[in-house]
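Coordinates from coords_26.cif are shown below (mmCIF, C-alpha atoms and all ligand atoms).
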data_structure
#
loop_
_atom_site.group_PDB
_atom_site.id
_atom_site.type_symbol
_atom_site.label_atom_id
_atom_site.label_comp_id
_atom_site.auth_asym_id
_atom_site.auth_seq_id
_atom_site.Cartn_x
_atom_site.Cartn_y
_atom_site.Cartn_z
ATOM 1 C CA MET O 1 -168.943 27.451 50.469
ATOM 2 C CA SER O 2 -165.300 28.514 49.970
ATOM 3 C CA GLU O 3 -162.783 28.724 52.829
ATOM 4 C CA PRO O 4 -163.361 31.706 55.144
ATOM 5 C CA ILE O 5 -160.955 34.650 54.830
ATOM 6 C CA ARG O 6 -158.547 34.536 57.780
ATOM 7 C CA VAL O 7 -158.264 38.014 59.302
ATOM 8 C CA ALA O 8 -155.851 39.431 61.897
ATOM 9 C CA VAL O 9 -156.535 42.794 63.545
ATOM 10 C CA VAL O 10 -153.719 45.116 64.664
ATOM 11 C CA GLY O 11 -154.779 47.674 67.264
ATOM 12 C CA ALA O 12 -157.430 45.188 68.383
ATOM 13 C CA SER O 13 -158.067 46.804 71.778
ATOM 14 C CA GLY O 14 -158.699 50.259 70.328
ATOM 15 C CA ARG O 15 -162.097 51.791 69.562
ATOM 16 C CA MET O 16 -161.942 50.823 65.894
ATOM 17 C CA GLY O 17 -159.920 47.626 66.344
ATOM 18 C CA ALA O 18 -162.437 46.184 68.806
ATOM 19 C CA THR O 19 -165.328 47.076 66.468
ATOM 20 C CA VAL O 20 -163.533 45.417 63.533
ATOM 21 C CA CYS O 21 -162.900 42.246 65.587
ATOM 22 C CA ALA O 22 -166.635 42.015 66.357
ATOM 23 C CA ALA O 23 -167.582 42.657 62.711
ATOM 24 C CA VAL O 24 -165.171 39.961 61.469
ATOM 25 C CA GLU O 25 -166.507 37.483 64.038
ATOM 26 C CA HIS O 26 -170.055 38.156 62.768
ATOM 27 C CA ALA O 27 -169.141 37.872 59.069
ATOM 28 C CA GLU O 28 -170.006 34.405 57.726
ATOM 29 C CA ASP O 29 -167.159 34.440 55.188
ATOM 30 C CA MET O 30 -164.398 35.434 57.648
ATOM 31 C CA THR O 31 -162.631 34.056 60.675
ATOM 32 C CA LEU O 32 -160.633 36.093 63.204
ATOM 33 C CA THR O 33 -157.194 34.542 63.664
ATOM 34 C CA ALA O 34 -155.309 37.132 65.757
ATOM 35 C CA ARG O 35 -155.874 40.226 67.900
ATOM 36 C CA LEU O 36 -152.636 42.195 68.178
ATOM 37 C CA ASP O 37 -151.787 45.196 70.289
ATOM 38 C CA VAL O 38 -148.767 47.317 71.235
ATOM 39 C CA GLY O 39 -145.664 45.186 71.746
ATOM 40 C CA ASP O 40 -147.074 42.044 70.095
ATOM 41 C CA ASP O 41 -144.983 40.313 67.428
ATOM 42 C CA LEU O 42 -146.606 41.099 64.068
ATOM 43 C CA GLY O 43 -145.131 37.841 62.744
ATOM 44 C CA ALA O 44 -148.120 36.231 64.489
ATOM 45 C CA VAL O 45 -150.266 37.283 61.502
ATOM 46 C CA ARG O 46 -148.651 34.600 59.321
ATOM 47 C CA ASP O 47 -151.727 32.383 59.726
ATOM 48 C CA ALA O 48 -153.928 35.131 58.276
ATOM 49 C CA ASP O 49 -154.790 36.073 54.684
ATOM 50 C CA VAL O 50 -155.488 39.719 55.500
ATOM 51 C CA ALA O 51 -154.367 41.989 58.365
ATOM 52 C CA VAL O 52 -156.379 45.091 59.288
ATOM 53 C CA ASP O 53 -154.504 47.996 60.933
ATOM 54 C CA PHE O 54 -156.312 50.553 63.099
ATOM 55 C CA THR O 55 -153.510 51.867 65.303
ATOM 56 C CA VAL O 56 -151.882 55.299 65.510
ATOM 57 C CA PRO O 57 -150.316 57.538 62.848
ATOM 58 C CA SER O 58 -146.830 57.101 64.376
ATOM 59 C CA ALA O 59 -146.964 53.273 64.099
ATOM 60 C CA THR O 60 -148.996 52.432 61.016
ATOM 61 C CA GLU O 61 -146.308 52.688 58.310
ATOM 62 C CA ALA O 62 -143.880 50.400 60.171
ATOM 63 C CA ASN O 63 -146.764 47.985 60.775
ATOM 64 C CA VAL O 64 -147.595 47.838 57.060
ATOM 65 C CA HIS O 65 -143.977 47.025 56.143
ATOM 66 C CA ALA O 66 -143.841 44.296 58.829
ATOM 67 C CA LEU O 67 -147.189 42.856 57.724
ATOM 68 C CA LEU O 68 -146.063 42.711 54.076
ATOM 69 C CA ASP O 69 -142.868 40.979 55.213
ATOM 70 C CA ALA O 70 -145.084 38.456 57.026
ATOM 71 C CA GLY O 71 -146.769 37.675 53.693
ATOM 72 C CA VAL O 72 -150.314 38.975 54.271
ATOM 73 C CA HIS O 73 -152.496 41.475 52.408
ATOM 74 C CA VAL O 74 -153.163 44.645 54.384
ATOM 75 C CA VAL O 75 -156.186 46.900 54.955
ATOM 76 C CA VAL O 76 -155.403 50.165 56.741
ATOM 77 C CA GLY O 77 -157.784 52.651 58.331
ATOM 78 C CA THR O 78 -155.189 54.479 60.390
ATOM 79 C CA THR O 79 -154.590 58.096 59.383
ATOM 80 C CA GLY O 80 -151.415 60.166 59.062
ATOM 81 C CA TRP O 81 -150.217 58.962 55.654
ATOM 82 C CA THR O 82 -148.160 61.301 53.454
ATOM 83 C CA GLU O 83 -147.053 61.092 49.813
ATOM 84 C CA GLU O 84 -143.622 60.017 51.137
ATOM 85 C CA SER O 85 -144.899 57.178 53.362
ATOM 86 C CA LEU O 86 -147.279 56.006 50.615
ATOM 87 C CA GLY O 87 -144.321 56.025 48.215
ATOM 88 C CA ARG O 88 -142.299 53.770 50.534
ATOM 89 C CA VAL O 89 -145.203 51.269 50.638
ATOM 90 C CA ARG O 90 -145.432 51.355 46.818
ATOM 91 C CA GLU O 91 -141.707 50.663 46.670
ATOM 92 C CA HIS O 92 -142.040 47.763 49.133
ATOM 93 C CA LEU O 93 -144.847 46.298 47.023
ATOM 94 C CA THR O 94 -142.523 46.048 44.017
ATOM 95 C CA ARG O 95 -140.662 43.447 46.106
ATOM 96 C CA ALA O 96 -143.893 41.705 47.127
ATOM 97 C CA PRO O 97 -145.698 41.119 43.814
ATOM 98 C CA GLY O 98 -149.198 39.797 44.313
ATOM 99 C CA SER O 99 -149.607 41.491 47.696
ATOM 100 C CA GLY O 100 -152.318 44.116 48.093
ATOM 101 C CA VAL O 101 -152.586 47.105 50.423
ATOM 102 C CA VAL O 102 -155.779 49.178 50.716
ATOM 103 C CA ILE O 103 -155.437 52.393 52.716
ATOM 104 C CA ALA O 104 -158.639 54.377 53.229
ATOM 105 C CA PRO O 105 -158.937 57.505 55.356
ATOM 106 C CA ASN O 106 -162.637 56.794 55.806
ATOM 107 C CA PHE O 107 -164.603 53.557 55.326
ATOM 108 C CA ALA O 108 -168.093 55.078 55.840
ATOM 109 C CA LEU O 109 -170.199 55.167 52.667
ATOM 110 C CA SER O 110 -171.580 58.641 53.472
ATOM 111 C CA ALA O 111 -168.067 60.053 53.832
ATOM 112 C CA VAL O 112 -166.789 58.410 50.649
ATOM 113 C CA LEU O 113 -169.790 59.780 48.719
ATOM 114 C CA ALA O 114 -169.377 63.255 50.257
ATOM 115 C CA MET O 115 -165.725 63.318 49.142
ATOM 116 C CA THR O 116 -166.728 62.162 45.643
ATOM 117 C CA PHE O 117 -169.495 64.788 45.359
ATOM 118 C CA ALA O 118 -167.118 67.492 46.653
ATOM 119 C CA ARG O 119 -164.601 66.629 43.971
ATOM 120 C CA GLN O 120 -167.331 66.713 41.300
ATOM 121 C CA ALA O 121 -168.702 70.061 42.515
ATOM 122 C CA ALA O 122 -165.420 71.852 43.259
ATOM 123 C CA ARG O 123 -164.781 73.083 39.711
ATOM 124 C CA TYR O 124 -168.049 75.095 39.744
ATOM 125 C CA PHE O 125 -167.292 77.149 42.900
ATOM 126 C CA GLU O 126 -164.910 80.033 43.605
ATOM 127 C CA SER O 127 -164.527 79.113 47.288
ATOM 128 C CA ALA O 128 -164.120 75.795 49.096
ATOM 129 C CA GLU O 129 -163.317 75.065 52.752
ATOM 130 C CA VAL O 130 -163.544 71.924 54.887
ATOM 131 C CA VAL O 131 -164.683 71.671 58.518
ATOM 132 C CA GLU O 132 -164.126 68.346 60.293
ATOM 133 C CA LEU O 133 -165.660 67.629 63.701
ATOM 134 C CA HIS O 134 -164.588 64.719 65.935
ATOM 135 C CA HIS O 135 -164.624 63.231 69.426
ATOM 136 C CA PRO O 136 -161.983 64.753 71.734
ATOM 137 C CA ARG O 137 -159.967 61.496 72.109
ATOM 138 C CA LYS O 138 -158.735 61.804 68.513
ATOM 139 C CA VAL O 139 -154.925 62.288 68.456
ATOM 140 C CA ASP O 140 -154.442 63.778 64.990
ATOM 141 C CA ALA O 141 -155.708 66.954 63.319
ATOM 142 C CA PRO O 142 -156.857 67.609 60.727
ATOM 143 C CA SER O 143 -158.543 64.270 60.150
ATOM 144 C CA GLY O 144 -157.286 61.986 57.373
ATOM 145 C CA THR O 145 -160.696 62.376 55.754
ATOM 146 C CA ALA O 146 -160.380 66.160 55.689
ATOM 147 C CA VAL O 147 -156.905 65.916 54.132
ATOM 148 C CA HIS O 148 -158.197 63.493 51.453
ATOM 149 C CA THR O 149 -161.220 65.756 50.830
ATOM 150 C CA ALA O 150 -159.047 68.860 50.467
ATOM 151 C CA GLN O 151 -156.656 67.061 48.122
ATOM 152 C CA GLY O 152 -159.588 65.964 45.933
ATOM 153 C CA ILE O 153 -161.003 69.489 45.825
ATOM 154 C CA ALA O 154 -157.565 70.929 45.038
ATOM 155 C CA ALA O 155 -157.053 68.453 42.185
ATOM 156 C CA ALA O 156 -160.455 69.332 40.689
ATOM 157 C CA ARG O 157 -159.724 73.053 40.969
ATOM 158 C CA ARG O 158 -156.361 72.592 39.255
ATOM 159 C CA GLU O 159 -157.921 70.539 36.439
ATOM 160 C CA ALA O 160 -160.507 73.318 35.948
ATOM 161 C CA GLY O 161 -157.817 76.013 35.907
ATOM 162 C CA LEU O 162 -159.190 77.748 39.023
ATOM 163 C CA GLY O 163 -156.799 79.976 40.962
ATOM 164 C CA PRO O 164 -156.755 80.554 44.732
ATOM 165 C CA ALA O 165 -160.108 81.084 46.481
ATOM 166 C CA PRO O 166 -160.877 84.740 47.241
ATOM 167 C CA ASP O 167 -159.631 85.739 50.712
ATOM 168 C CA ALA O 168 -158.856 89.295 51.826
ATOM 169 C CA THR O 169 -157.448 88.272 55.230
ATOM 170 C CA GLU O 170 -154.455 90.501 56.026
ATOM 171 C CA SER O 171 -153.985 89.790 59.711
ATOM 172 C CA GLN O 172 -155.175 86.936 61.899
ATOM 173 C CA LEU O 173 -154.642 85.159 65.170
ATOM 174 C CA ASP O 174 -152.533 82.053 64.539
ATOM 175 C CA GLY O 175 -154.840 79.267 63.365
ATOM 176 C CA ALA O 176 -157.912 81.453 62.828
ATOM 177 C CA ARG O 177 -158.086 80.432 59.171
ATOM 178 C CA GLY O 178 -157.290 76.800 59.949
ATOM 179 C CA ALA O 179 -154.663 74.622 58.294
ATOM 180 C CA VAL O 180 -154.027 74.860 54.550
ATOM 181 C CA VAL O 181 -153.960 71.531 52.690
ATOM 182 C CA ASP O 182 -153.046 71.840 49.011
ATOM 183 C CA GLY O 183 -154.387 75.417 49.062
ATOM 184 C CA VAL O 184 -157.703 74.466 50.748
ATOM 185 C CA HIS O 185 -158.432 75.736 54.283
ATOM 186 C CA VAL O 186 -159.300 72.948 56.735
ATOM 187 C CA HIS O 187 -160.757 73.546 60.219
ATOM 188 C CA ALA O 188 -160.832 70.983 63.049
ATOM 189 C CA VAL O 189 -163.387 70.886 65.896
ATOM 190 C CA ARG O 190 -163.003 68.512 68.896
ATOM 191 C CA LEU O 191 -166.221 68.183 70.883
ATOM 192 C CA GLN O 192 -167.501 65.795 73.533
ATOM 193 C CA GLY O 193 -170.459 63.805 72.189
ATOM 194 C CA LEU O 194 -169.269 63.700 68.572
ATOM 195 C CA VAL O 195 -167.955 60.656 66.694
ATOM 196 C CA ALA O 196 -166.838 61.643 63.141
ATOM 197 C CA HIS O 197 -168.356 64.398 61.006
ATOM 198 C CA GLU O 198 -167.382 66.667 58.130
ATOM 199 C CA GLU O 199 -168.827 69.650 56.304
ATOM 200 C CA ILE O 200 -167.600 70.707 52.900
ATOM 201 C CA LEU O 201 -168.506 74.327 52.118
ATOM 202 C CA LEU O 202 -168.530 75.493 48.506
ATOM 203 C CA GLY O 203 -169.360 79.107 47.682
ATOM 204 C CA ASN O 204 -170.128 81.432 44.790
ATOM 205 C CA PRO O 205 -171.463 84.998 44.825
ATOM 206 C CA GLY O 206 -175.059 84.739 46.090
ATOM 207 C CA GLU O 207 -175.102 80.957 46.735
ATOM 208 C CA SER O 208 -173.426 78.099 48.542
ATOM 209 C CA LEU O 209 -173.512 74.308 48.639
ATOM 210 C CA THR O 210 -172.888 72.425 51.896
ATOM 211 C CA LEU O 211 -172.138 68.695 51.853
ATOM 212 C CA ARG O 212 -172.251 67.026 55.283
ATOM 213 C CA THR O 213 -171.429 63.508 56.407
ATOM 214 C CA ASP O 214 -172.074 62.185 59.942
ATOM 215 C CA SER O 215 -170.851 58.944 61.482
ATOM 216 C CA TYR O 216 -172.840 58.592 64.725
ATOM 217 C CA ASP O 217 -171.490 55.112 65.451
ATOM 218 C CA ARG O 218 -168.316 53.198 64.526
ATOM 219 C CA GLY O 219 -170.557 50.522 62.985
ATOM 220 C CA SER O 220 -170.833 52.933 60.030
ATOM 221 C CA PHE O 221 -167.262 52.072 59.025
ATOM 222 C CA MET O 222 -167.707 48.287 59.114
ATOM 223 C CA PRO O 223 -169.321 47.549 55.698
ATOM 224 C CA GLY O 224 -166.427 49.420 54.067
ATOM 225 C CA VAL O 225 -163.781 47.619 56.148
ATOM 226 C CA LEU O 226 -165.294 44.202 55.338
ATOM 227 C CA LEU O 227 -165.535 45.137 51.641
ATOM 228 C CA ALA O 228 -161.821 46.031 51.648
ATOM 229 C CA VAL O 229 -160.943 42.733 53.395
ATOM 230 C CA ARG O 230 -162.862 40.841 50.686
ATOM 231 C CA GLU O 231 -161.348 42.834 47.787
ATOM 232 C CA VAL O 232 -157.726 43.404 48.784
ATOM 233 C CA ARG O 233 -156.558 39.944 47.730
ATOM 234 C CA GLN O 234 -157.709 40.654 44.147
ATOM 235 C CA ARG O 235 -155.999 44.079 44.094
ATOM 236 C CA PRO O 236 -152.224 43.736 44.027
ATOM 237 C CA GLY O 237 -150.334 46.983 44.682
ATOM 238 C CA LEU O 238 -151.467 50.022 46.642
ATOM 239 C CA THR O 239 -155.031 51.368 46.541
ATOM 240 C CA VAL O 240 -155.683 54.650 48.383
ATOM 241 C CA GLY O 241 -159.341 55.431 49.095
ATOM 242 C CA LEU O 242 -162.427 53.223 49.303
ATOM 243 C CA GLU O 243 -163.889 55.080 46.304
ATOM 244 C CA HIS O 244 -161.790 52.828 44.025
ATOM 245 C CA LEU O 245 -163.521 49.707 45.423
ATOM 246 C CA LEU O 246 -166.937 51.299 44.881
ATOM 247 C CA ASP O 247 -166.276 52.336 41.261
ATOM 248 C CA LEU O 248 -166.409 55.987 42.313
ATOM 249 C CA GLY O 249 -162.702 56.783 41.841
HETATM 250 N N1 LIG O 301 -160.490 54.863 58.047
HETATM 251 C C1 LIG O 301 -161.548 54.993 58.840
HETATM 252 O O1 LIG O 301 -162.722 54.797 58.422
HETATM 253 C C2 LIG O 301 -161.345 55.348 60.268
HETATM 254 C C3 LIG O 301 -160.080 55.632 60.692
HETATM 255 N N2 LIG O 301 -159.844 55.887 62.003
HETATM 256 C C4 LIG O 301 -158.458 56.033 62.367
HETATM 257 O O2 LIG O 301 -158.037 54.814 62.973
HETATM 258 C C5 LIG O 301 -157.018 55.066 63.926
HETATM 259 C C6 LIG O 301 -157.406 54.432 65.253
HETATM 260 O O3 LIG O 301 -158.529 55.120 65.774
HETATM 261 P P1 LIG O 301 -159.187 54.651 67.150
HETATM 262 O O4 LIG O 301 -159.507 53.199 67.108
HETATM 263 O O5 LIG O 301 -160.252 55.627 67.445
HETATM 264 O O6 LIG O 301 -157.946 54.884 68.150
HETATM 265 P P2 LIG O 301 -157.637 54.127 69.540
HETATM 266 O O7 LIG O 301 -156.629 54.990 70.232
HETATM 267 O O8 LIG O 301 -158.900 53.782 70.233
HETATM 268 O O9 LIG O 301 -156.957 52.752 69.089
HETATM 269 C C7 LIG O 301 -155.651 52.631 68.628
HETATM 270 C C8 LIG O 301 -155.136 51.324 69.187
HETATM 271 O O10 LIG O 301 -153.890 51.020 68.580
HETATM 272 C C9 LIG O 301 -153.018 50.551 69.598
HETATM 273 N N3 LIG O 301 -151.650 50.730 69.153
HETATM 274 C C10 LIG O 301 -150.846 51.812 69.214
HETATM 275 N N4 LIG O 301 -149.649 51.554 68.660
HETATM 276 C C11 LIG O 301 -149.694 50.261 68.243
HETATM 277 C C12 LIG O 301 -148.763 49.400 67.608
HETATM 278 N N5 LIG O 301 -147.541 49.823 67.276
HETATM 279 N N6 LIG O 301 -149.127 48.121 67.344
HETATM 280 C C13 LIG O 301 -150.355 47.676 67.677
HETATM 281 N N7 LIG O 301 -151.281 48.449 68.290
HETATM 282 C C14 LIG O 301 -150.958 49.725 68.558
HETATM 283 C C15 LIG O 301 -153.388 51.395 70.806
HETATM 284 O O11 LIG O 301 -152.921 50.779 71.997
HETATM 285 P P3 LIG O 301 -152.630 51.699 73.321
HETATM 286 O O12 LIG O 301 -153.891 52.411 73.611
HETATM 287 O O13 LIG O 301 -152.221 50.679 74.322
HETATM 288 O O14 LIG O 301 -151.525 52.649 72.927
HETATM 289 C C16 LIG O 301 -154.901 51.358 70.704
HETATM 290 O O15 LIG O 301 -155.435 50.183 71.271
HETATM 291 C C17 LIG O 301 -156.837 56.575 63.935
HETATM 292 O O16 LIG O 301 -155.773 56.930 63.072
HETATM 293 C C18 LIG O 301 -158.148 57.080 63.383
HETATM 294 O O17 LIG O 301 -158.028 58.344 62.793
HETATM 295 C C19 LIG O 301 -160.852 55.904 62.920
HETATM 296 C C20 LIG O 301 -162.139 55.674 62.542
HETATM 297 C C21 LIG O 301 -162.496 55.377 61.171
HETATM 298 O O1 LIG O 302 -160.267 59.204 64.628
HETATM 299 C C1 LIG O 302 -161.431 59.015 64.171
HETATM 300 O O2 LIG O 302 -162.403 58.801 64.905
HETATM 301 C C2 LIG O 302 -161.622 59.028 62.722
HETATM 302 N N1 LIG O 302 -160.579 59.086 61.959
HETATM 303 C C3 LIG O 302 -160.569 59.091 60.540
HETATM 304 C C4 LIG O 302 -160.023 60.402 60.033
HETATM 305 O O3 LIG O 302 -159.095 60.965 60.643
HETATM 306 O O4 LIG O 302 -160.475 60.870 58.990
HETATM 307 C C5 LIG O 302 -161.891 58.703 59.954
HETATM 308 C C6 LIG O 302 -163.079 59.219 60.689
HETATM 309 O O5 LIG O 302 -163.163 60.581 60.493
HETATM 310 C C7 LIG O 302 -162.982 58.876 62.172
#

Represent the structure from my file as structure tokens, please.
Amino acid sequence: MSEPIRVAVVGASGRMGATVCAAVEHAEDMTLTARLDVGDDLGAVRDADVAVDFTVPSATEANVHALLDAGVHVVVGTTGWTEESLGRVREHLTRAPGSGVVIAPNFALSAVLAMTFARQAARYFESAEVVELHHPRKVDAPSGTAVHTAQGIAAARREAGLGPAPDATESQLDGARGAVVDGVHVHAVRLQGLVAHEEILLGNPGESLTLRTDSYDRGSFMPGVLLAVREVRQRPGLTVGLEHLLDLG
């Protein structure tokens, strides 16, 4: 058997970080070399092949730059990425040839498939809106998954030459129609008892299609995280979205 992949986890005490540490410890082809939290020196990842970041939107970009400087490949599940912050990582990678970064807003297979199906279906529907539902400890809204979903729908609508979705709203309470991501309305629910869920609503006169994905347990994200850890070393540059590792992109 080949050498195990050495993995460091940043945000190791968090809900996702702790789950990733346990998953890495149970994976026969991996070994956990570092658990890092707020204030720890990220240079400590130097012994690792791959670092996994599940922290907070305000910290993740700086972490990725520091991890690349430490010479490791990086897998990121943390949300809050923008075209600008992704661009700065792409630019950094030009100075770190051979390094790979995989950033995925959602590692659950059901969510990745729902986003793929939404993108496939979007061109056939006049209307499309996204509703994401999460646990109330989540610090960002809308979810990274909902942003990625809306961007995929918007791209498909543009490619199909569709204009704006019909909407006669003339007056509204602030927020009643949700946030608008790339022209697609996105609504965020925070509810005790939930983990991570999303509904994608597509409508035509007389019919609708609803795609729904439910993560009831953080274990649902682990096969995708471990897949990214295994693949990132063979994928130099920046990959955004697990769909590209599943041949769905
Ligand atoms: N891609 C995916 O499939 C998924 C993505 N997520 C995303 O992952 C992120 C984390 O979620 P979750 O685990 O629920 O959040 P938590 O708040 O439970 O965990 C975040 C952890 O990161 C730590 N942290 C904060 N800043 C730093 C830093 N600069 N360096 C190291 N550690 C730091 C926090 O420490 P402290 O509490 O001490 O501040 C905390 O332990 C979110 O952005 C979430 O949206 C979540 C689930 C799935
Ligand atoms: O904070 C969470 O819990 C989740 N965050 C990610 C997101 O914002 O899309 C992924 C998943 O929805 C769980």

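Distances to O:Arg158 were evaluated for O:Arg123, O:Leu226, O:Val184, O:Leu68 using all atoms listed in the file, and the minimum falls at O:Arg123.
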
- Message: Around ligand LIG 302 (chain O), which protein and nucleic acid residues have at least one atom no more than 8 Å from it, if we count only C-alpha atoms and all ligand atoms? List them as a list of chain:residue names.
- Response: O:Gly77, O:Thr78, O:Thr79, O:Gly80, O:Pro105, O:Asn106, O:Phe107, O:Glu132, O:His134, O:His135, O:Arg137, O:Lys138, O:Val139, O:Asp140, O:Ala141, O:Pro142, O:Ser143, O:Gly144, O:Thr145, O:Ala146, O:Val147, O:Val195, O:Ala196, O:His197, O:Glu198, O:Ser215

- Query: Between atom CA of O:Leu109 and atom CA of O:Asp182, what is the distance, to one decimal in Å?
  - Reply: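 For atom CA of O:Leu109 relative to atom CA of O:Asp182, the distance reads 24.2 Å.
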
Each residue of chain O lying at most 6 Å from ligand LIG 301 (chain O) should get a row with its shortest atom-to-atom pair and the distance in Å to one decimal, counting all atoms listed in the file; could you produce that, ordered by chain and increasing number, as JSON lines?
{"residue": "O:Val10", "atom": "CA", "partner": "O:LIG301", "partner_atom": "C13", "distance": 5.2}
{"residue": "O:Gly11", "atom": "CA", "partner": "O:LIG301", "partner_atom": "O10", "distance": 3.7}
{"residue": "O:Ser13", "atom": "CA", "partner": "O:LIG301", "partner_atom": "O15", "distance": 4.3}
{"residue": "O:Gly14", "atom": "CA", "partner": "O:LIG301", "partner_atom": "O9", "distance": 3.3}
{"residue": "O:Arg15", "atom": "CA", "partner": "O:LIG301", "partner_atom": "O8", "distance": 3.8}
{"residue": "O:Met16", "atom": "CA", "partner": "O:LIG301", "partner_atom": "O4", "distance": 3.6}
{"residue": "O:Gly17", "atom": "CA", "partner": "O:LIG301", "partner_atom": "O4", "distance": 5.6}
{"residue": "O:Leu36", "atom": "CA", "partner": "O:LIG301", "partner_atom": "C13", "distance": 6.0}
{"residue": "O:Asp37", "atom": "CA", "partner": "O:LIG301", "partner_atom": "N7", "distance": 3.9}
{"residue": "O:Val38", "atom": "CA", "partner": "O:LIG301", "partner_atom": "C13", "distance": 3.9}
{"residue": "O:Phe54", "atom": "CA", "partner": "O:LIG301", "partner_atom": "C6", "distance": 4.6}
{"residue": "O:Thr55", "atom": "CA", "partner": "O:LIG301", "partner_atom": "O10", "distance": 3.4}
{"residue": "O:Val56", "atom": "CA", "partner": "O:LIG301", "partner_atom": "O16", "distance": 4.9}
{"residue": "O:Pro57", "atom": "CA", "partner": "O:LIG301", "partner_atom": "O16", "distance": 5.5}
{"residue": "O:Ala59", "atom": "CA", "partner": "O:LIG301", "partner_atom": "N5", "distance": 4.7}
{"residue": "O:Gly77", "atom": "CA", "partner": "O:LIG301", "partner_atom": "N1", "distance": 3.5}
{"residue": "O:Thr78", "atom": "CA", "partner": "O:LIG301", "partner_atom": "O16", "distance": 3.7}
{"residue": "O:Thr79", "atom": "CA", "partner": "O:LIG301", "partner_atom": "O16", "distance": 4.0}
{"residue": "O:Ala104", "atom": "CA", "partner": "O:LIG301", "partner_atom": "N1", "distance": 5.2}
{"residue": "O:Pro105", "atom": "CA", "partner": "O:LIG301", "partner_atom": "N1", "distance": 4.1}
{"residue": "O:Asn106", "atom": "CA", "partner": "O:LIG301", "partner_atom": "O1", "distance": 3.3}
{"residue": "O:Phe107", "atom": "CA", "partner": "O:LIG301", "partner_atom": "O1", "distance": 3.8}
{"residue": "O:Ala108", "atom": "CA", "partner": "O:LIG301", "partner_atom": "O1", "distance": 6.0}
{"residue": "O:Phe221", "atom": "CA", "partner": "O:LIG301", "partner_atom": "O1", "distance": 5.3}

- Query: Interatomic distance between atom CA of O:Gln192 and atom CA of O:Leu173?
  - Reply: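 Taking atom CA of O:Gln192 as the start and atom CA of O:Leu173 as the end point, the length is 24.7 Å.
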
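With only C-alpha atoms as the atoms that count, the minimum distance from O:Val232 to the choices O:Gly178, O:Gly39, O:Gly98, O:Gly161 is reached by O:Gly98.
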
- Message: List the spatial neighbours of O:Ala96 as a PyMOL selection string - criterion: any atom at most 9 Å away, all atoms listed in the file, same-chain residues fewer than 4 positions off excluded.
- Response: chain O and resi 68-69+71+92+100+237

On this file, the PyMOL selection byres (((chain O and resi 27-29) around 12) and not hetatm) gives some set of residues; write that set as a compact mmCIF listing (two decimals) with C-alpha atoms, in the coordinates of the input.
# COMPACT_ATOMS: atom_id res chain seq x y z
CA MET O 1 -168.94 27.45 50.47
CA SER O 2 -165.30 28.51 49.97
CA GLU O 3 -162.78 28.72 52.83
CA PRO O 4 -163.36 31.71 55.14
CA ILE O 5 -160.96 34.65 54.83
CA ARG O 6 -158.55 34.54 57.78
CA VAL O 7 -158.26 38.01 59.30
CA VAL O 20 -163.53 45.42 63.53
CA CYS O 21 -162.90 42.25 65.59
CA ALA O 22 -166.64 42.02 66.36
CA ALA O 23 -167.58 42.66 62.71
CA VAL O 24 -165.17 39.96 61.47
CA GLU O 25 -166.51 37.48 64.04
CA HIS O 26 -170.06 38.16 62.77
CA MET O 30 -164.40 35.43 57.65
CA THR O 31 -162.63 34.06 60.68
CA LEU O 32 -160.63 36.09 63.20
CA MET O 222 -167.71 48.29 59.11
CA PRO O 223 -169.32 47.55 55.70
CA VAL O 225 -163.78 47.62 56.15
CA LEU O 226 -165.29 44.20 55.34
CA LEU O 227 -165.54 45.14 51.64
CA VAL O 229 -160.94 42.73 53.40
CA ARG O 230 -162.86 40.84 50.69

Applying the PyMOL selection byres (((chain O and resi 86) around 12) and not hetatm) to the file I just gave you, which residues come out? Please list them as a PDB file with C-alpha atoms, in the coordinates of the input.
ATOM      1  CA  THR O  60    -148.996  52.432  61.016  1.00  0.00           C
ATOM      2  CA  GLU O  61    -146.308  52.688  58.310  1.00  0.00           C
ATOM      3  CA  ALA O  62    -143.880  50.400  60.171  1.00  0.00           C
ATOM      4  CA  VAL O  64    -147.595  47.838  57.060  1.00  0.00           C
ATOM      5  CA  HIS O  65    -143.977  47.025  56.143  1.00  0.00           C
ATOM      6  CA  VAL O  76    -155.403  50.165  56.741  1.00  0.00           C
ATOM      7  CA  THR O  79    -154.590  58.096  59.383  1.00  0.00           C
ATOM      8  CA  GLY O  80    -151.415  60.166  59.062  1.00  0.00           C
ATOM      9  CA  TRP O  81    -150.217  58.962  55.654  1.00  0.00           C
ATOM     10  CA  THR O  82    -148.160  61.301  53.454  1.00  0.00           C
ATOM     11  CA  GLU O  83    -147.053  61.092  49.813  1.00  0.00           C
ATOM     12  CA  GLU O  84    -143.622  60.017  51.137  1.00  0.00           C
ATOM     13  CA  SER O  85    -144.899  57.178  53.362  1.00  0.00           C
ATOM     14  CA  GLY O  87    -144.321  56.025  48.215  1.00  0.00           C
ATOM     15  CA  ARG O  88    -142.299  53.770  50.534  1.00  0.00           C
ATOM     16  CA  VAL O  89    -145.203  51.269  50.638  1.00  0.00           C
ATOM     17  CA  ARG O  90    -145.432  51.355  46.818  1.00  0.00           C
ATOM     18  CA  GLU O  91    -141.707  50.663  46.670  1.00  0.00           C
ATOM     19  CA  HIS O  92    -142.040  47.763  49.133  1.00  0.00           C
ATOM     20  CA  LEU O  93    -144.847  46.298  47.023  1.00  0.00           C
ATOM     21  CA  VAL O 101    -152.586  47.105  50.423  1.00  0.00           C
ATOM     22  CA  VAL O 102    -155.779  49.178  50.716  1.00  0.00           C
ATOM     23  CA  ILE O 103    -155.437  52.393  52.716  1.00  0.00           C
ATOM     24  CA  ALA O 104    -158.639  54.377  53.229  1.00  0.00           C
ATOM     25  CA  GLY O 237    -150.334  46.983  44.682  1.00  0.00           C
ATOM     26  CA  LEU O 238    -151.467  50.022  46.642  1.00  0.00           C
ATOM     27  CA  THR O 239    -155.031  51.368  46.541  1.00  0.00           C
ATOM     28  CA  VAL O 240    -155.683  54.650  48.383  1.00  0.00           C
TER      29      VAL O 240
END
